[in-house]
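Structure, as structure tokens:
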Amino acid sequence: MVIALAKEHRRRIKRKLQQRPDKLAELKEILLDFEQFCYRMLKIKDKSGAMVRLILNDAQRRYAAKVFEDLEAGKPVRIIILKARQMGFSTVTEALIYYFTSLQEAKNAFIVAQSSDASSNLFDMFQLYYERVPPVIQPMTRKNNAKKLTFENPAIRTADRRLNPGLKSKITVQTAESRVLARSDTIHYLHASEVAFWPAKKKKRHLLSLLAALSKEPGSIGIIESTANGMEEFKQIWDAAVKGENDFSPLFFAWFEMPDYRKPIPPGFELTEDELELKAKYRLDDEQLQWRRYTIRNDCGGDSRQFEQEYPSEPDEAFLLSGESIFDNKF
């Protein structure tokens with residue numbers, strides 16, 4: 001049991017479903033199963049712009065399983081993710097944060113993305129989760145703007161708010177471009193998104209500040225994730241995690257774990273020697289290799305090394321195109 005369902009939700013569920021014990025049992029089952037919660041309660045926009053259910057892919061499922069494994073072990077969750085591009089880890093991380101913050105009382109979630117546009121995209125994701133979730137588990141909200149969701153009673157009268165304050169939880173999304181990250185409370189759930197692409201002069205200061213504010217108690221969650229971008233702070237934290245020199249669990253996700261990364265095989269398709277080696281080493285099929293070939297040609301300027309950084313097959317590939325390291329090993 002990793003969710004302490006808030007009083008606001010318990011009252012509403014009891015009021016609406018007390019005459020429907022079958023529905024009540026079904027809802028309880030959904031709320032205690034994160035994957036079911038995603039599928040039954042959350043909506044996302046797919047790459048075509050269509051509104052669809054959130055169905056976890058295998059990589060997202062493996063990541064979420066690690067989060068719940070650590071929670072159930074009574075540990076603070078600390079995970080660093082090295083990944084290929086656009087595998088849906090922001091989507092599932094925001095789903096995890098929404099799940100824990102919107103169902104429980106007095107939780108503070110803080111999300112930082114690499115740019116203003118990226119932070120807007122992540123906040124839009126939270127807004128969509130909130131707007132489309134069934135009313136029976138939609139918390140009261142006082143603010144739904146300025147990249148902040150505040151789950152509180154919006155009533156004007158103090159007496160009303162005192163009688164029924166709401167969750168008193170909040171989700172804040174900011175950009176790493178900010179000179180100072182406006183956080184004042186203890187952070188219970190932290191998502192540092194695409195850290196390798198945060199502004200170089202602000203990256204270390206922001207990370208140290210956020211990690212200092214993150215609760216050290218069991219049940220807290222700290223997620224650092226990124227595609228690689230040379231030899232910088234993210235790589236140093238990753239390397240330290242791999243060596244067991246910090247408390248982050250390193251999770252790597254190769255490009256071929258993404259089910260969408262495949263293309264139909266064209267007429268006359270023949271594998272090169274390099275592709276034959278990749279096929280044997282990673283057990284790839286021809287549609288995956290055709291997608292790789294297409295992506296190198298169209299998205300990576302014909303440079304296979306660029307592909308390996310953006311879409312690595314193993315961790316070392318991600319850092320082959322290295323830049324200058326400015327990190328002093330404080331992590």
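In the structure tokens, each chain is lettered A, B, ... as it comes, each chain's residues begin at 1, and ligands are numbered from 1 in order of appearance.
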Report as a JSON list (two decimals) with C-alpha atoms, in the first residue's frame all protein, DNA and RNA residues lying within 7 Å of segment 212-220 of chain A, evaluated on only C-alpha atoms, omitting residues in the same chain fewer than 2 positions from it.
```json
[["chain", "number", "residue", "atom", "x", "y", "z"],
["A", 71, "LEU", "CA", 8.44, 2.46, -2.36],
["A", 74, "GLY", "CA", 10.34, 1.63, 2.41],
["A", 75, "LYS", "CA", 13.14, 3.44, 0.60],
["A", 76, "PRO", "CA", 13.37, 6.98, -0.77],
["A", 77, "VAL", "CA", 13.14, 6.50, -4.54],
["A", 186, "THR", "CA", 10.23, 20.53, 1.03],
["A", 187, "ILE", "CA", 9.91, 18.64, -2.25],
["A", 188, "HIS", "CA", 8.32, 15.19, -2.02],
["A", 189, "TYR", "CA", 8.35, 14.36, -5.75],
["A", 208, "LEU", "CA", 22.39, 20.97, -5.86],
["A", 209, "SER", "CA", 19.51, 23.23, -4.81],
["A", 210, "LEU", "CA", 16.82, 20.76, -5.86],
["A", 222, "GLY", "CA", 13.64, 11.91, -7.10]]
```
* Name the residues of segment 28-245 of chain A that fall into helix (DSSP H, G or I) according to DSSP on the backbone, using the chain letters and numbers of this document, as a PyMOL selection string. => chain A and resi 28-31+34-41+58-72+89-103+116-132+135-137+158-163+195-197+200-213+233-242
* Just list the residues in segment 96-130 of chain A DSSP gives strand (DSSP E or B) on the backbone, as a PyMOL selection string. => chain A and resi 108-113
* To do: To one decimal in Å, tell me the separation between atom CA of Glu314 of chain A and atom CA of His191 of chain A.
  =>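 Interatomic distance here is 23.2 Å.
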* **Exercise: Ala113 of chain A partners within 12 Å, only C-alpha atoms, chain neighbours under 6 positions left out, as an NGL selection string** => :A and (90 or 94 or 119-123 or 147 or 172-178 or 181 or 190-199 or 203 or 206-207 or 224-226)
* Return the single residue from A:Val180, A:Leu149, A:Met125, A:Ala109 that is closest to Asp46 of chain A, with distances computed using only C-alpha atoms. => A:Met125
* Excluding same-chain residues fewer than 2 positions from Ser102 of chain A, what lies within 9 Å of it counting only C-alpha atoms, as a list in words? ->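 Non-adjacent residues within range: Ala6, Ile97, Tyr98, Tyr99, Phe100, Gln104, Glu105, Lys107, Tyr130, Ile137, Gln138, Pro139, Phe151, Leu167, Ser169, Lys170 and Ile171 of chain A.
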Now that the selection is made, can you save its residues with N, CA and C atoms as a compact mmCIF listing (two decimals), in the first residue's frame?
```
# COMPACT_ATOMS: atom_id res chain seq x y z
N ALA A 6 -6.56 10.48 0.19
CA ALA A 6 -6.95 11.68 0.93
C ALA A 6 -8.40 11.61 1.39
N ILE A 97 3.74 11.29 -10.85
CA ILE A 97 3.65 12.45 -9.96
C ILE A 97 2.19 12.87 -9.78
N TYR A 98 1.42 12.87 -10.87
CA TYR A 98 0.00 13.22 -10.74
C TYR A 98 -0.72 12.21 -9.84
N TYR A 99 -0.44 10.94 -10.02
CA TYR A 99 -1.04 9.87 -9.22
C TYR A 99 -0.81 10.11 -7.73
N PHE A 100 0.43 10.34 -7.35
CA PHE A 100 0.75 10.50 -5.93
C PHE A 100 0.28 11.84 -5.37
N GLN A 104 -3.29 12.23 -2.68
CA GLN A 104 -2.83 12.30 -1.30
C GLN A 104 -2.78 13.74 -0.80
N GLU A 105 -2.73 13.88 0.51
CA GLU A 105 -2.71 15.20 1.13
C GLU A 105 -1.29 15.69 1.38
N LYS A 107 1.24 16.98 -0.33
CA LYS A 107 2.39 16.56 -1.12
C LYS A 107 2.80 17.69 -2.06
N TYR A 130 -5.51 16.36 -15.29
CA TYR A 130 -6.49 16.89 -14.34
C TYR A 130 -7.86 17.07 -14.98
N ILE A 137 -12.59 11.40 -8.68
CA ILE A 137 -11.24 11.50 -8.11
C ILE A 137 -10.54 12.78 -8.58
N GLN A 138 -11.32 13.77 -8.98
CA GLN A 138 -10.74 15.06 -9.38
C GLN A 138 -10.72 15.98 -8.16
N PRO A 139 -9.55 16.33 -7.66
CA PRO A 139 -9.50 17.15 -6.45
C PRO A 139 -9.90 18.59 -6.72
N PHE A 151 -3.91 22.00 -5.33
CA PHE A 151 -5.11 21.24 -4.97
C PHE A 151 -5.59 21.68 -3.58
N LEU A 167 -6.84 19.00 -0.59
CA LEU A 167 -5.64 18.18 -0.41
C LEU A 167 -4.47 18.96 0.18
N SER A 169 -2.09 19.92 -1.59
CA SER A 169 -0.96 19.43 -2.38
C SER A 169 -0.79 20.32 -3.60
N LYS A 170 0.38 20.27 -4.22
CA LYS A 170 0.58 21.11 -5.40
C LYS A 170 1.64 20.52 -6.32
N ILE A 171 1.51 20.90 -7.59
CA ILE A 171 2.46 20.52 -8.64
C ILE A 171 2.96 21.80 -9.28
```
Within 8 Å of segment 31-40 of chain A, counting only C-alpha atoms, which residues qualify if same-chain residues fewer than 3 places away don't, as a PDB file with C-alpha atoms, in the first residue's frame?
```
ATOM      1  CA  MET A   1       0.000   0.000   0.000  1.00  0.00           C
ATOM      2  CA  ILE A   3      -1.100   5.485  -1.502  1.00  0.00           C
ATOM      3  CA  LEU A  27     -12.541   1.899  -8.208  1.00  0.00           C
ATOM      4  CA  LYS A  28     -10.491   0.806  -5.207  1.00  0.00           C
ATOM      5  CA  LYS A  43      -5.669  10.752 -21.162  1.00  0.00           C
ATOM      6  CA  ARG A  53      -5.768   6.430 -23.023  1.00  0.00           C
ATOM      7  CA  LEU A  54      -2.347   6.209 -21.402  1.00  0.00           C
ATOM      8  CA  ILE A  55      -1.199   2.654 -22.101  1.00  0.00           C
ATOM      9  CA  LEU A  56       2.266   1.963 -20.699  1.00  0.00           C
ATOM     10  CA  ARG A  61       6.330  -0.418 -17.236  1.00  0.00           C
ATOM     11  CA  ALA A  95       1.626  10.309 -14.550  1.00  0.00           C
ATOM     12  CA  LEU A  96       3.400   8.970 -11.454  1.00  0.00           C
ATOM     13  CA  TYR A  99      -1.044   9.872  -9.220  1.00  0.00           C
TER      14      TYR A  99
END
```
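Using only C-alpha atoms, the nearest neighbour of Ala65 of chain A within the list A:Met231, A:Leu251, A:Ile44, A:Val242 is A:Leu251.
Comparing the minimum interatomic distances between Ser313 of chain A and each of A:Met140, A:Met258, A:Ala50, A:Ile265, counting only C-alpha atoms, we find that A:Met258 sits nearest.
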* Which residues come within 12 Å of Lys23 of chain A, counting only C-alpha atoms, excluding same-chain residues fewer than 5 positions away, as a VMD selection string? -> chain A and resid 13 to 14 16 to 18 28 to 30 136
How would the residues just chosen look if you wrote them out with N, CA and C atoms as a PDB file, in the first residue's frame?
```
ATOM      1  N   ILE A  13     -15.993   9.522  -2.765  1.00  0.00           N
ATOM      2  CA  ILE A  13     -16.218   8.159  -3.251  1.00  0.00           C
ATOM      3  C   ILE A  13     -17.345   7.493  -2.464  1.00  0.00           C
ATOM      4  N   LYS A  14     -17.330   7.660  -1.155  1.00  0.00           N
ATOM      5  CA  LYS A  14     -18.380   7.060  -0.327  1.00  0.00           C
ATOM      6  C   LYS A  14     -19.746   7.632  -0.681  1.00  0.00           C
ATOM      7  N   LYS A  16     -20.764   9.070  -3.522  1.00  0.00           N
ATOM      8  CA  LYS A  16     -21.227   8.778  -4.875  1.00  0.00           C
ATOM      9  C   LYS A  16     -21.439   7.290  -5.133  1.00  0.00           C
ATOM     10  N   LEU A  17     -20.704   6.442  -4.406  1.00  0.00           N
ATOM     11  CA  LEU A  17     -20.727   5.018  -4.751  1.00  0.00           C
ATOM     12  C   LEU A  17     -21.232   4.123  -3.624  1.00  0.00           C
ATOM     13  N   GLN A  18     -21.796   4.705  -2.555  1.00  0.00           N
ATOM     14  CA  GLN A  18     -22.208   3.865  -1.438  1.00  0.00           C
ATOM     15  C   GLN A  18     -23.331   2.899  -1.814  1.00  0.00           C
ATOM     16  N   LYS A  28     -11.587   1.049  -6.147  1.00  0.00           N
ATOM     17  CA  LYS A  28     -10.491   0.806  -5.207  1.00  0.00           C
ATOM     18  C   LYS A  28      -9.376   0.012  -5.870  1.00  0.00           C
ATOM     19  N   GLU A  29      -9.752  -0.961  -6.660  1.00  0.00           N
ATOM     20  CA  GLU A  29      -8.757  -1.769  -7.372  1.00  0.00           C
ATOM     21  C   GLU A  29      -7.943  -0.912  -8.335  1.00  0.00           C
ATOM     22  N   ILE A  30      -8.616  -0.005  -9.035  1.00  0.00           N
ATOM     23  CA  ILE A  30      -7.926   0.880  -9.983  1.00  0.00           C
ATOM     24  C   ILE A  30      -6.963   1.811  -9.250  1.00  0.00           C
ATOM     25  N   VAL A 136     -15.051  11.840  -9.842  1.00  0.00           N
ATOM     26  CA  VAL A 136     -15.039  11.217  -8.522  1.00  0.00           C
ATOM     27  C   VAL A 136     -13.651  11.267  -7.887  1.00  0.00           C
TER      28      VAL A 136
END
```
* Quick one: residues within 10 Å of Ala254 of chain A, only C-alpha atoms counted, chain neighbours fewer than 4 positions away excluded, as a ChimeraX atom specification? -> /A:59,82-85,87,258,282,308,311-315,318
* Between atom CA of Ala241 of chain A and atom CA of Ile221 of chain A, what is the distance, to one decimal in Å? -> 15.9 Å
* Asked: At what distance in Å, to one decimal, does atom CA of Arg142 of chain A lie from atom CA of Asn164 of chain A?
  -> 12.7 Å
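With distances restricted to only C-alpha atoms, A:Met41 is the closest residue to Pro134 of chain A from A:Leu289, A:Leu103, A:Met41, A:Leu5.
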* With distances taken over only C-alpha atoms, which of A:Gly268, A:Ile80, A:Thr295, A:Phe253 is nearest to Ile237 of chain A? ->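 Distance minimum relative to Ile237 of chain A lands on A:Ile80.
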